[in-house]
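What follows is a set of notes on a single structure, which appears directly below.
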Amino acid sequence: MSWETVIGLETHVQLSTKTKLFSRASTAFGASPNTNVNLIDCGLPGVLPSVNKEAFYKAIRFGMAVGAQINQTSIFDRKNYFYADLPKGYQITQMDLPIVIGGSIEIIIDELTKTINITRAHLEEDAGKSIHDEFEGFSAIDLNRAGTPLLEIVSEPEISNAKEAVAYMKAMHQLVTFLDVSDGNMAQGSLRCDANVSIRKKGDKELGTRTEIKNINSFKFIEKAINFEIKRQIKILENGEKVVQETRLYDSSKDETRPMRSKEFANDYRYFPEPDLLPVIISDEEIQKIRDEFPELPKEKEIRYQQEYGLTAYDAQIIASSKSMADFFETALQKTKNYTLLSNWLIGEISAYLNKQQIEINESKLSADKVAMLINRIDDQTISGKIGKSIFEEMCTNGSSPDEIIKSKGLEQISDDGAIEEIILTVINENPTQVEAYLAGKDKLFGFFVGQVMKLTEGKANPKAVNSILKDKLK
Amino acid sequence: MDQETVRTICYLARLEIDENKSEKIQKDLETIIDLIGSLQTIDTSDVEPLYSPLEMTALMHEDIEKSDNKKEKFLENAAASNEDYFLVPRVVE
Amino acid sequence: MSIQFKSIADLREMLDDKSISASELIQESLELAKKYKELNCFVTMNEEFSVKKANAIDVNKKTSSRLSGIPLAQKDLFCTEGLRTTCSSKILSNFIPPYTATAVKKLEDAGSITIGKTNMDEFAMGSSNETSFFGNVHNPWKKGYVPGGSSGGSAAAVAAGIVPAATGTDTGGSIRQPAAHCGITGLKPTYGRISRWGMIAFASSLDQAGPLARTAEDCAILLNTMSGHDAKDTTSLNSNVPDFLENINQPIDGLKIGLIKEFNLSDLDSQVQARFEESKKAYEKLGAQFIEVSLPNISASVPTYYSIAPAECSSNLSRFDGVRFGHRAESTDDLNDLYIKSRSEGFGDEVKRRILIGTYALSAGYYDAYYKKAQQVRRLIKNDFDNAFQSVDALMTPTSPNTAFKFGSKGTQNPVELYLEDLFTISSNLAGLPAISIPHGQVNSLPVGLQLIGNFLREDQLLNAAHIFQKNSDYHLAKPNLGDF
């Protein structure tokens, strides 16, 4: 039998505001436990929420970018359930009047574009964190994350396989980072998703029973979790059994999904309008302001990079596809004029290094200023490209500045013709046999002489100068 | 309101009722539900619900940090805590 | 000269002409609290801090504020930093708030001294103060009788003359009804007039703090200080706060008072009715005119309220889960067991009843029929008020259909019996309107209250009408005989 997979994704994007959705506590990652917790976040008796304006603006920016309808009047609701890291016994979210309705995102699969429609996106607060393994017999509760603003983006069930799901999440990552809506840091949970997966017979109109895989936080796991789940469900169906609607967890160490025990009780969330918050109204002026200050998106950057900096279409596309790379490029070109060399380095050496390390450029030790300095030193011939590469390696490991490395190691390129000529004469004098052979027509030996010069100068001789003087002397 | 419904709402509210009081409570709840149910006779078609007596809109806060964290005092009020965390019986996910 | 039964205005004069020091005043107030311990007005005393603050005031000698050195009592649902706050519940019996409620902070910043936290119905759910974990409060007028609720401890402490005034909160009549039963004056301001920050929520869209005092004038003094926008409560009103004392003495000639047609007063106890007729005449003599107005949906107030308030309460009280504060049951198997046991041990029967009703009203399949329906009827009720206020300045009703009753005599068989006690008070909470209860005589030696409901933000009119009444009568000066305590 032939089966068809239907996937809908609920993406949780942590908005990059300085403060929480309903309090003015910091949202900084990595603070000591329970310190980014205001009275409100602790859910103490008598406290009241107030709404973070910036979170609304970011949500609206996202809505505009995906061509959605923006609800200028939006209402918060309470979703009631008990959990240890949910301090109030309810989550403040948006049920009936979400800030964003509709819109779509384009993904590219095998060079074909597919549109995934978005059902809605709403603002809600994150829960705290439970730590289950650190204390014997106890789970420990850290409320630092409680109240962090999330934008939950719900897609239509229009995703057909794991590959598309990954493409969707990558497109989402690109979008939210370029919009400066989120830092997109998946390792820190800034972008994660729940995947609703179901299987049906090819051609069936009705959806099969779905399971929900909770909280997947890397592109790799999205693919693996969904593929595991597809296989599992098909196996069940082929055995003539029925899929149970349930919430599952992806265990990356075992590469499997399994039912979540803590969610085994069917819940009734008893949504109702949050009486502690009046409706939020965003004015036309505010909408216009958000529109006016709209950040540049990858496609626009691509064109601008070609027009303003003369990058090739290919280079421009690569640099503009990642927010951190584009930011890096734009910061670096404040400090160097050799845009071509800069883009060559970004796409060549630097990308190779980042791929090897599997990190983003903003997670590396490289700074735009220092890379620009390196480009300038190559450009002004203080060092050769080859020396540049060795300096770059050092910059990657300890983040030091190219000028310091050049100075401390004496790596400055020898461009003084007199000095180079002296060395060339030494090489000629020391290798009479080779000189003879060369003059007799063995042209290939030219490289040998260059090599000798470079060896004596520890690679610091300006290759151009070496070439021309050597040619002159070997006439 | 049957016993099963009472059990379900008790669970949702994380409350348990003394066995010897359960009949009385079920009866009380029925009486109250009857009272509330009397609203059904009022025609409310096309009436917008009034969720707050203030028909105004929310004032929002600027995205500027202001901490009133009192970690020690927060943790002191908890029945079980250590120097960093609130503690609850271990949850198995 | 004893300070017992003195108003804030009296005590201010005594402090200003140095016939008493702040320390002496506080000392005496604390002693009265001890003397009438049997009334059970207080859950927690704040003796040490009070004495210190009074001494500091005496040393500083700066008495620019009307409230400087004045002893007050706070209902035990206002969070007070470092001072236990229980909501008269077992579940909060060990809770020490790390912050102070805005309303209390404003009063304290103005120099008043919180001598203690007053007993109340558990989480403000009740009209008789009989649901308190810390026991019943006696009505100072008659031992073994309820003081009303939920602000019963505050009302009794003022009625017994221990403090000149106290704070209360009013969700369905919890300031006005105990004020009526205890023979004092109590004001529920417009919803949003006073910040709810630090007030432990019962029903967020109905709760409002307010003063209980011996006179309308004292209520105005407290209201002046407690009111105002608070950035921490985005449902607090961002409008100007007038000086409520400024026009309090104006003649009320021509004041139009509405009588609600749908409240059939002839059903009431004949003596309660008689007091009402007398007060009506008194107001007529002062120049007021009475007009009958119709509020067709007002009889639906009680069922509307008992759908909305429990629904909001069921959610508001979810945070009492034994995890971060409050009572936690011992030896629990797992997290769920911890929730169930802690909450079941920590909450009393009435609170549980309301949580269950609210949970039911919000649950899938019932939300539209109960919660949403009630909020729709709520709008109809508000519209009725809006219409009425087109033709009148205020509405007048008895505060309560009855006088204080004996402990345990109402609502034990059928909780709804007690809910009907709120008939006259509940509608102003639903519509967010201000309302005041003033004493206007007695029935069988127990006080009865007269209620005036005002238009949105018109506390000034209510206080003016109440003050003029009190200037021309002496009901508010009647004192209970405390010989039994």
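Residues are referred to by chain and number: the chain letter is A, B, ... according to the order shown in the structure tokens, the number counts from 1 in that chain, and ligands are numbered separately from 1 in the order shown.
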
Contact table chain C vs chain A, cut-off 6 Å, shortest pair per residue, only C-alpha atoms, as a Markdown table:
| residue | atom | partner | partner_atom | distance |
| --- | --- | --- | --- | --- |
| C:Trp197 | CA | A:Val47 | CA | 5.6 |
| C:Gly198 | CA | A:Gly46 | CA | 4.0 |
| C:Met199 | CA | A:Gly46 | CA | 4.6 |
| C:Ile200 | CA | A:Gly46 | CA | 4.0 |
| C:Ala201 | CA | A:Gly46 | CA | 5.9 |
| C:Ser204 | CA | A:Pro275 | CA | 5.8 |
| C:Ser205 | CA | A:Pro275 | CA | 5.7 |
| C:Ser318 | CA | A:Gly89 | CA | 4.8 |
| C:Arg319 | CA | A:Lys88 | CA | 4.3 |
| C:Leu362 | CA | A:Arg270 | CA | 5.2 |
| C:Ser363 | CA | A:Arg270 | CA | 5.1 |

Serialized selection, C-alpha atoms, as a PDB file, in the first residue's frame:
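New file again_9.pdb:
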ATOM      1  CA  TRP C 197      -1.283  45.285  42.907  1.00  0.00           C
ATOM      2  CA  GLY C 198      -0.589  43.207  46.000  1.00  0.00           C
ATOM      3  CA  MET C 199      -4.248  42.465  46.657  1.00  0.00           C
ATOM      4  CA  ILE C 200      -4.582  38.703  46.559  1.00  0.00           C
ATOM      5  CA  ALA C 201      -7.072  38.142  43.781  1.00  0.00           C
ATOM      6  CA  SER C 204      -9.995  39.989  39.051  1.00  0.00           C
ATOM      7  CA  SER C 205     -12.707  41.832  37.116  1.00  0.00           C
ATOM      8  CA  SER C 318      -4.395  27.779  40.819  1.00  0.00           C
ATOM      9  CA  ARG C 319      -1.130  29.347  41.936  1.00  0.00           C
ATOM     10  CA  LEU C 362     -15.183  27.220  32.218  1.00  0.00           C
ATOM     11  CA  SER C 363     -14.910  23.616  31.097  1.00  0.00           C
TER      12      SER C 363
END

- Query: Which neighbours of Glu296 of chain A fall inside 8 Å, counting only C-alpha atoms, when residues of the same chain fewer than 4 positions from it are skipped, and could you give them as a ChimeraX atom specification?
  - Reply: /A:178-179,300-301

Identify, on the basis of only C-alpha atoms, every residue whose closest approach to segment 237-247 of chain C does not exceed 12 Å; exclude the query and any residue fewer than 4 positions from it along the same chain; express the result as a compact mmCIF listing (two decimals) with C-alpha atoms, in the first residue's frame.
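Wrote result.txt, looks like this:
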# COMPACT_ATOMS: atom_id res chain seq x y z
CA LEU A 278 -7.35 44.78 29.02
CA PRO B 53 -16.08 46.98 33.62
CA LEU B 54 -13.34 49.14 32.16
CA GLU B 55 -13.87 49.45 28.47
CA MET B 56 -10.37 50.70 27.92
CA THR B 57 -7.24 49.32 26.38
CA ALA B 58 -4.10 48.09 28.04
CA LEU B 59 -1.15 50.32 28.80
CA ALA C 9 -10.49 63.65 62.03
CA ARG C 66 -3.44 63.85 57.66
CA PRO C 189 -14.83 52.74 44.82
CA THR C 190 -15.13 52.54 41.03
CA TYR C 191 -13.37 49.47 39.59
CA GLY C 192 -9.84 50.60 38.81
CA ARG C 193 -9.83 53.59 41.17
CA ILE C 194 -7.40 51.85 43.54
CA SER C 195 -4.55 49.64 42.37
CA ARG C 196 -5.05 45.92 42.83
CA GLN C 208 -11.82 46.51 44.38
CA ALA C 216 -17.94 59.25 55.24
CA GLU C 217 -15.41 62.02 55.83
CA ASP C 218 -12.83 59.48 57.03
CA CYS C 219 -13.58 57.30 54.02
CA ALA C 220 -12.78 60.32 51.85
CA ILE C 221 -9.48 60.85 53.68
CA LEU C 222 -8.46 57.25 53.04
CA LEU C 223 -9.70 57.27 49.48
CA ASN C 224 -7.64 60.39 48.74
CA THR C 225 -4.52 58.48 49.68
CA MET C 226 -5.35 55.05 48.28
CA SER C 227 -6.50 56.16 44.81
CA GLY C 228 -4.57 56.70 41.65
CA HIS C 229 -3.05 55.03 38.64
CA ASP C 230 -0.40 52.39 39.28
CA ALA C 231 1.83 51.22 36.44
CA LYS C 232 1.91 47.83 38.15
CA ASP C 233 -1.83 47.42 37.68
CA PRO C 251 -25.59 71.02 50.01
CA ILE C 252 -27.34 68.16 48.25
CA GLY C 432 -17.73 48.53 38.17
CA PHE C 456 -18.69 55.77 37.20
CA LEU C 457 -15.95 57.73 39.05
CA ARG C 458 -18.50 59.69 41.09
CA GLU C 459 -17.32 58.71 44.57
CA ASP C 460 -17.30 62.43 45.28
CA GLN C 461 -21.07 62.55 44.92
CA LEU C 462 -21.57 59.51 47.14
CA LEU C 463 -19.28 60.83 49.83
CA ASN C 464 -20.98 64.20 49.69
CA ALA C 465 -24.45 62.64 50.01
CA ALA C 466 -23.29 60.37 52.83
CA HIS C 467 -21.51 63.14 54.69
CA ILE C 468 -24.47 65.50 54.56

- Task: Starting from chain B, keep only residues with some atom at most 8 Å from an atom of chain C, counting only C-alpha atoms, and report them as a ChimeraX atom specification.
- Result: /B:9-10,12-17,25,28-29,31-33,35-40,42,44,47-54,58-60,70,73-75,77-80,86-91

Suppose we keep N, CA and C atoms; can you now write the selection as a short mmCIF file (atom, residue, chain, number, x, y, z; two decimals), in the first residue's frame?
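Output (result.cif):
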data_model
loop_
_atom_site.label_atom_id
_atom_site.label_comp_id
_atom_site.auth_asym_id
_atom_site.auth_seq_id
_atom_site.Cartn_x
_atom_site.Cartn_y
_atom_site.Cartn_z
N ILE B 9 -14.13 17.41 37.35
CA ILE B 9 -13.77 18.79 37.70
C ILE B 9 -12.87 18.83 38.93
N CYS B 10 -13.06 17.89 39.84
CA CYS B 10 -12.15 17.81 40.99
C CYS B 10 -10.73 17.58 40.49
N LEU B 12 -9.48 18.29 37.49
CA LEU B 12 -9.00 19.49 36.79
C LEU B 12 -8.56 20.56 37.78
N ALA B 13 -9.27 20.67 38.89
CA ALA B 13 -8.97 21.69 39.90
C ALA B 13 -7.96 21.18 40.92
N ARG B 14 -7.50 19.96 40.75
CA ARG B 14 -6.58 19.33 41.70
C ARG B 14 -7.10 19.45 43.14
N LEU B 15 -8.32 18.98 43.31
CA LEU B 15 -8.92 18.96 44.65
C LEU B 15 -9.50 17.59 44.87
N GLU B 16 -9.48 17.14 46.11
CA GLU B 16 -10.23 15.93 46.40
C GLU B 16 -11.22 16.24 47.52
N ILE B 17 -12.31 15.52 47.49
CA ILE B 17 -13.39 15.80 48.43
C ILE B 17 -13.48 14.63 49.39
N ILE B 25 -21.58 17.93 48.75
CA ILE B 25 -20.95 18.85 47.80
C ILE B 25 -21.60 18.73 46.44
N ASP B 28 -24.73 20.62 46.67
CA ASP B 28 -24.46 22.07 46.68
C ASP B 28 -24.16 22.56 45.26
N LEU B 29 -23.30 21.82 44.59
CA LEU B 29 -22.92 22.23 43.24
C LEU B 29 -24.15 22.28 42.33
N THR B 31 -27.21 22.81 43.20
CA THR B 31 -28.02 23.98 43.55
C THR B 31 -27.45 25.23 42.91
N ILE B 32 -26.12 25.37 42.98
CA ILE B 32 -25.49 26.57 42.43
C ILE B 32 -25.62 26.58 40.90
N ILE B 33 -25.42 25.42 40.30
CA ILE B 33 -25.55 25.34 38.84
C ILE B 33 -26.98 25.69 38.42
N LEU B 35 -28.87 27.76 39.99
CA LEU B 35 -28.95 29.21 40.12
C LEU B 35 -28.37 29.89 38.88
N ILE B 36 -27.17 29.45 38.50
CA ILE B 36 -26.52 30.06 37.33
C ILE B 36 -27.32 29.76 36.06
N GLY B 37 -27.86 28.57 36.03
CA GLY B 37 -28.61 28.14 34.85
C GLY B 37 -29.83 29.02 34.57
N SER B 38 -30.29 29.72 35.61
CA SER B 38 -31.46 30.58 35.42
C SER B 38 -31.19 31.69 34.41
N LEU B 39 -29.92 31.94 34.11
CA LEU B 39 -29.57 32.98 33.13
C LEU B 39 -30.03 32.61 31.72
N GLN B 40 -30.22 31.32 31.51
CA GLN B 40 -30.58 30.87 30.16
C GLN B 40 -31.85 31.53 29.65
N ILE B 42 -32.61 34.55 29.77
CA ILE B 42 -32.40 35.92 29.29
C ILE B 42 -31.89 35.89 27.86
N THR B 44 -29.73 36.96 25.09
CA THR B 44 -28.46 37.69 24.96
C THR B 44 -27.93 37.62 23.53
N VAL B 47 -25.43 40.25 22.06
CA VAL B 47 -24.86 41.03 23.15
C VAL B 47 -23.39 40.65 23.30
N GLU B 48 -22.53 41.66 23.20
CA GLU B 48 -21.10 41.43 23.40
C GLU B 48 -20.84 41.15 24.87
N PRO B 49 -20.07 40.13 25.20
CA PRO B 49 -19.74 39.90 26.61
C PRO B 49 -18.97 41.10 27.18
N LEU B 50 -19.16 41.38 28.45
CA LEU B 50 -18.43 42.46 29.11
C LEU B 50 -17.42 41.81 30.07
N TYR B 51 -16.19 41.66 29.61
CA TYR B 51 -15.21 40.94 30.41
C TYR B 51 -14.60 41.79 31.50
N SER B 52 -14.66 43.10 31.32
CA SER B 52 -14.14 44.00 32.36
C SER B 52 -15.02 45.24 32.38
N PRO B 53 -15.27 45.77 33.57
CA PRO B 53 -16.08 46.98 33.62
C PRO B 53 -15.37 48.17 32.97
N LEU B 54 -14.08 48.05 32.78
CA LEU B 54 -13.34 49.14 32.16
C LEU B 54 -13.27 48.88 30.67
N ALA B 58 -5.21 48.30 27.13
CA ALA B 58 -4.10 48.09 28.04
C ALA B 58 -2.98 49.11 27.81
N LEU B 59 -2.40 49.56 28.89
CA LEU B 59 -1.15 50.32 28.80
C LEU B 59 -0.03 49.28 28.79
N MET B 60 0.97 49.51 27.97
CA MET B 60 2.04 48.51 27.88
C MET B 60 3.33 49.04 28.48
N LYS B 70 13.92 38.79 44.37
CA LYS B 70 14.36 38.55 45.75
C LYS B 70 14.49 37.05 45.91
N LYS B 73 14.27 35.35 49.36
CA LYS B 73 12.93 35.41 49.97
C LYS B 73 11.94 34.54 49.21
N PHE B 74 12.08 34.49 47.90
CA PHE B 74 11.20 33.62 47.11
C PHE B 74 11.38 32.17 47.58
N LEU B 75 12.65 31.78 47.68
CA LEU B 75 12.94 30.38 48.01
C LEU B 75 12.57 30.07 49.46
N ASN B 77 10.04 31.07 51.10
CA ASN B 77 8.61 30.81 51.22
C ASN B 77 8.21 29.41 50.75
N ALA B 78 9.12 28.75 50.04
CA ALA B 78 8.79 27.43 49.52
C ALA B 78 8.96 26.36 50.58
N ALA B 79 8.06 25.38 50.55
CA ALA B 79 8.13 24.30 51.53
C ALA B 79 9.40 23.47 51.34
N ALA B 80 9.86 23.35 50.11
CA ALA B 80 11.11 22.64 49.85
C ALA B 80 11.92 23.41 48.82
N PHE B 86 13.50 25.81 43.62
CA PHE B 86 12.32 25.24 44.27
C PHE B 86 12.38 23.74 44.00
N LEU B 87 12.01 22.94 44.99
CA LEU B 87 12.08 21.49 44.79
C LEU B 87 10.69 20.86 44.87
N VAL B 88 10.44 19.93 43.98
CA VAL B 88 9.18 19.17 44.00
C VAL B 88 9.53 17.69 43.85
N PRO B 89 8.59 16.79 44.18
CA PRO B 89 8.88 15.38 43.97
C PRO B 89 9.29 15.15 42.52
N ARG B 90 10.22 14.24 42.31
CA ARG B 90 10.79 14.05 40.98
C ARG B 90 9.72 13.74 39.93
N VAL B 91 9.81 14.46 38.82
CA VAL B 91 8.87 14.25 37.72
C VAL B 91 9.56 13.40 36.67
#

- May I ask you to extract the residues of chain A within 7 Å of chain B, using only C-alpha atoms, and to give them as a ChimeraX atom specification? /A:17-19,24-26,33-39,50-54,132,137-142,260-262,275,277-281

- Message: Among segment 242-394 of chain A, which ones does DSSP assign to helix (DSSP H, G or I) (computed from the backbone)? Answer as a ChimeraX atom specification.
- Response: /A:261-263,284-292,298-309,313-320,323-332,339-357,361-363,368-379,385-394

- Task: Find the distance between atom CA of Val176 of chain A and atom CA of Ala162 of chain A and write it in Å to one decimal.
- Result: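 These two atoms are separated by 20.9 Å.
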
- At what distance in Å, to one decimal, does atom CA of Ala213 of chain C lie from atom CA of Ser437 of chain C? 10.6 Å

- From the set A:Ser198, A:Gln413, A:Asn344, A:Asn429, which residue has the shortest atom-to-atom contact distance to Ile387 of chain A, counting only C-alpha atoms?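 When distances to Ile387 of chain A are compared using only C-alpha atoms, the smallest one comes from A:Gln413.
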
Write out as a short mmCIF file (atom, residue, chain, number, x, y, z; two decimals) with C-alpha atoms, in the first residue's frame each polymer residue whose atoms come within 9 Å of Ser252 of chain A, counting only C-alpha atoms; drop sequence neighbours fewer than 3 positions from it.
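So the final result, stored in out.cif, reads:
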data_model
loop_
_atom_site.label_atom_id
_atom_site.label_comp_id
_atom_site.auth_asym_id
_atom_site.auth_seq_id
_atom_site.Cartn_x
_atom_site.Cartn_y
_atom_site.Cartn_z
CA PHE A 221 16.49 16.14 15.22
CA LYS A 224 15.23 12.20 12.51
CA ALA A 225 12.22 12.49 14.80
CA ASP A 255 16.87 8.03 17.99
CA GLU A 256 13.27 7.22 18.79
CA THR A 257 10.06 8.89 19.88
#

- Query: From the list A:Asp194, A:Ile290, A:Ile226, A:Glu10, which residue is nearest Tyr57 of chain A when using only C-alpha atoms?
  - Reply: A:Ile290

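The shortest atom-to-atom distance to Ala440 of chain A, with only C-alpha atoms taken into account, belongs to A:Leu474 out of A:Ile118, A:Ile109, A:Ala461, A:Leu474.
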
- Item | Selection near Phe469 of chain C, 12 Å with only C-alpha atoms, sequence-local residues under 5 positions removed, as a ChimeraX atom specification | /C:185,215-217,248-252,278-288,437-440,450,452,462-464,474-476

Compile the contact shell of Ile175 of chain C as a PDB file with N, CA and C atoms, in the first residue's frame: residues with an atom at most 10 Å away, counting only C-alpha atoms, same-chain residues fewer than 5 positions apart removed.
ATOM      1  N   SER C 127     -19.975  35.864  53.094  1.00  0.00           N
ATOM      2  CA  SER C 127     -20.640  37.096  53.503  1.00  0.00           C
ATOM      3  C   SER C 127     -20.863  37.102  55.000  1.00  0.00           C
ATOM      4  N   GLY C 148     -20.646  40.033  59.284  1.00  0.00           N
ATOM      5  CA  GLY C 148     -20.734  40.185  57.828  1.00  0.00           C
ATOM      6  C   GLY C 148     -19.385  39.848  57.229  1.00  0.00           C
ATOM      7  N   GLY C 149     -19.348  39.832  55.911  1.00  0.00           N
ATOM      8  CA  GLY C 149     -18.082  39.475  55.273  1.00  0.00           C
ATOM      9  C   GLY C 149     -18.062  39.935  53.837  1.00  0.00           C
ATOM     10  N   SER C 150     -16.954  39.803  53.195  1.00  0.00           N
ATOM     11  CA  SER C 150     -15.790  39.116  53.740  1.00  0.00           C
ATOM     12  C   SER C 150     -14.879  39.981  54.602  1.00  0.00           C
ATOM     13  N   SER C 151     -14.988  41.322  54.534  1.00  0.00           N
ATOM     14  CA  SER C 151     -14.077  42.147  55.339  1.00  0.00           C
ATOM     15  C   SER C 151     -14.576  42.258  56.775  1.00  0.00           C
ATOM     16  N   GLY C 152     -14.950  41.132  57.387  1.00  0.00           N
ATOM     17  CA  GLY C 152     -15.562  41.126  58.711  1.00  0.00           C
ATOM     18  C   GLY C 152     -14.639  41.602  59.816  1.00  0.00           C
ATOM     19  N   SER C 154     -12.064  43.670  59.559  1.00  0.00           N
ATOM     20  CA  SER C 154     -11.869  45.116  59.418  1.00  0.00           C
ATOM     21  C   SER C 154     -13.076  45.871  59.964  1.00  0.00           C
ATOM     22  N   ALA C 155     -14.277  45.401  59.591  1.00  0.00           N
ATOM     23  CA  ALA C 155     -15.501  46.077  60.037  1.00  0.00           C
ATOM     24  C   ALA C 155     -15.631  46.014  61.555  1.00  0.00           C
ATOM     25  N   THR C 167      -8.735  48.923  55.949  1.00  0.00           N
ATOM     26  CA  THR C 167      -8.949  48.648  54.531  1.00  0.00           C
ATOM     27  C   THR C 167      -9.783  47.382  54.385  1.00  0.00           C
ATOM     28  N   GLY C 168     -10.475  47.320  53.278  1.00  0.00           N
ATOM     29  CA  GLY C 168     -11.222  46.119  52.938  1.00  0.00           C
ATOM     30  C   GLY C 168     -11.157  45.918  51.452  1.00  0.00           C
ATOM     31  N   THR C 169     -11.742  44.851  50.987  1.00  0.00           N
ATOM     32  CA  THR C 169     -11.903  44.671  49.549  1.00  0.00           C
ATOM     33  C   THR C 169     -13.323  44.214  49.312  1.00  0.00           C
ATOM     34  N   ASP C 170     -13.811  44.509  48.126  1.00  0.00           N
ATOM     35  CA  ASP C 170     -15.217  44.295  47.834  1.00  0.00           C
ATOM     36  C   ASP C 170     -15.341  43.680  46.444  1.00  0.00           C
ATOM     37  N   ALA C 180     -22.373  47.533  56.980  1.00  0.00           N
ATOM     38  CA  ALA C 180     -23.785  47.644  57.373  1.00  0.00           C
ATOM     39  C   ALA C 180     -24.057  46.846  58.649  1.00  0.00           C
ATOM     40  N   THR C 185     -19.274  52.968  58.212  1.00  0.00           N
ATOM     41  CA  THR C 185     -19.367  53.424  56.834  1.00  0.00           C
ATOM     42  C   THR C 185     -18.329  52.684  55.991  1.00  0.00           C
ATOM     43  N   GLY C 186     -18.741  52.195  54.833  1.00  0.00           N
ATOM     44  CA  GLY C 186     -17.793  51.480  53.967  1.00  0.00           C
ATOM     45  C   GLY C 186     -18.001  51.853  52.516  1.00  0.00           C
ATOM     46  N   LEU C 187     -16.912  52.098  51.822  1.00  0.00           N
ATOM     47  CA  LEU C 187     -16.996  52.543  50.426  1.00  0.00           C
ATOM     48  C   LEU C 187     -16.294  51.574  49.487  1.00  0.00           C
ATOM     49  N   LYS C 188     -17.032  51.125  48.495  1.00  0.00           N
ATOM     50  CA  LYS C 188     -16.409  50.409  47.380  1.00  0.00           C
ATOM     51  C   LYS C 188     -16.268  51.400  46.239  1.00  0.00           C
ATOM     52  N   GLN C 208     -12.215  45.120  44.212  1.00  0.00           N
ATOM     53  CA  GLN C 208     -11.817  46.511  44.376  1.00  0.00           C
ATOM     54  C   GLN C 208     -11.587  46.786  45.860  1.00  0.00           C
ATOM     55  N   ALA C 209     -10.477  47.476  46.136  1.00  0.00           N
ATOM     56  CA  ALA C 209     -10.156  47.828  47.522  1.00  0.00           C
ATOM     57  C   ALA C 209     -10.925  49.077  47.919  1.00  0.00           C
ATOM     58  N   GLY C 210     -11.082  49.265  49.207  1.00  0.00           N
ATOM     59  CA  GLY C 210     -11.741  50.479  49.669  1.00  0.00           C
ATOM     60  C   GLY C 210     -11.640  50.611  51.179  1.00  0.00           C
ATOM     61  N   PRO C 211     -12.082  51.756  51.700  1.00  0.00           N
ATOM     62  CA  PRO C 211     -11.969  52.006  53.132  1.00  0.00           C
ATOM     63  C   PRO C 211     -13.233  51.632  53.920  1.00  0.00           C
ATOM     64  N   LEU C 212     -13.041  51.240  55.167  1.00  0.00           N
ATOM     65  CA  LEU C 212     -14.119  51.121  56.143  1.00  0.00           C
ATOM     66  C   LEU C 212     -13.754  52.076  57.276  1.00  0.00           C
ATOM     67  N   THR C 425     -25.896  44.353  46.713  1.00  0.00           N
ATOM     68  CA  THR C 425     -24.525  44.869  46.566  1.00  0.00           C
ATOM     69  C   THR C 425     -23.833  44.420  45.283  1.00  0.00           C
ATOM     70  N   ALA C 435     -20.003  52.473  45.271  1.00  0.00           N
ATOM     71  CA  ALA C 435     -21.171  52.374  46.151  1.00  0.00           C
ATOM     72  C   ALA C 435     -20.719  52.501  47.597  1.00  0.00           C
ATOM     73  N   ILE C 436     -21.575  53.084  48.401  1.00  0.00           N
ATOM     74  CA  ILE C 436     -21.216  53.316  49.801  1.00  0.00           C
ATOM     75  C   ILE C 436     -22.320  52.774  50.692  1.00  0.00           C
ATOM     76  N   SER C 437     -21.944  52.265  51.850  1.00  0.00           N
ATOM     77  CA  SER C 437     -22.946  51.875  52.838  1.00  0.00           C
ATOM     78  C   SER C 437     -22.765  52.742  54.073  1.00  0.00           C
TER      79      SER C 437
END

- Message: Between atom CA of Glu229 of chain A and atom CA of Thr177 of chain A, what is the distance in Å, rounded to a tenth?
- Response: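 Distance between the two atoms: 29.1 Å.
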
- Task: List the neighbours of Gln233 of chain A out to 8 Å using only C-alpha atoms; skip same-chain residues closer than 2 positions along the sequence, and give me the result as a count of residues only.
- Result: 9

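DSSP secondary structure from the backbone places Met60, His61, Ser81, Phe86, Leu87, Val88 and Pro89 of chain B of chain B in strand (DSSP E or B).
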
Would you save the residues of that selection, restricted to C-alpha atoms, as an mmCIF file, in the first residue's frame?
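Written output follows (part-v6.cif):
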data_model
loop_
_atom_site.group_PDB
_atom_site.id
_atom_site.type_symbol
_atom_site.label_atom_id
_atom_site.label_comp_id
_atom_site.auth_asym_id
_atom_site.auth_seq_id
_atom_site.Cartn_x
_atom_site.Cartn_y
_atom_site.Cartn_z
ATOM 1 C CA MET B 60 2.037 48.507 27.884
ATOM 2 C CA HIS B 61 5.486 48.629 29.400
ATOM 3 C CA SER B 81 14.035 24.453 48.258
ATOM 4 C CA PHE B 86 12.320 25.236 44.272
ATOM 5 C CA LEU B 87 12.077 21.491 44.789
ATOM 6 C CA VAL B 88 9.177 19.172 44.000
ATOM 7 C CA PRO B 89 8.880 15.375 43.969
#
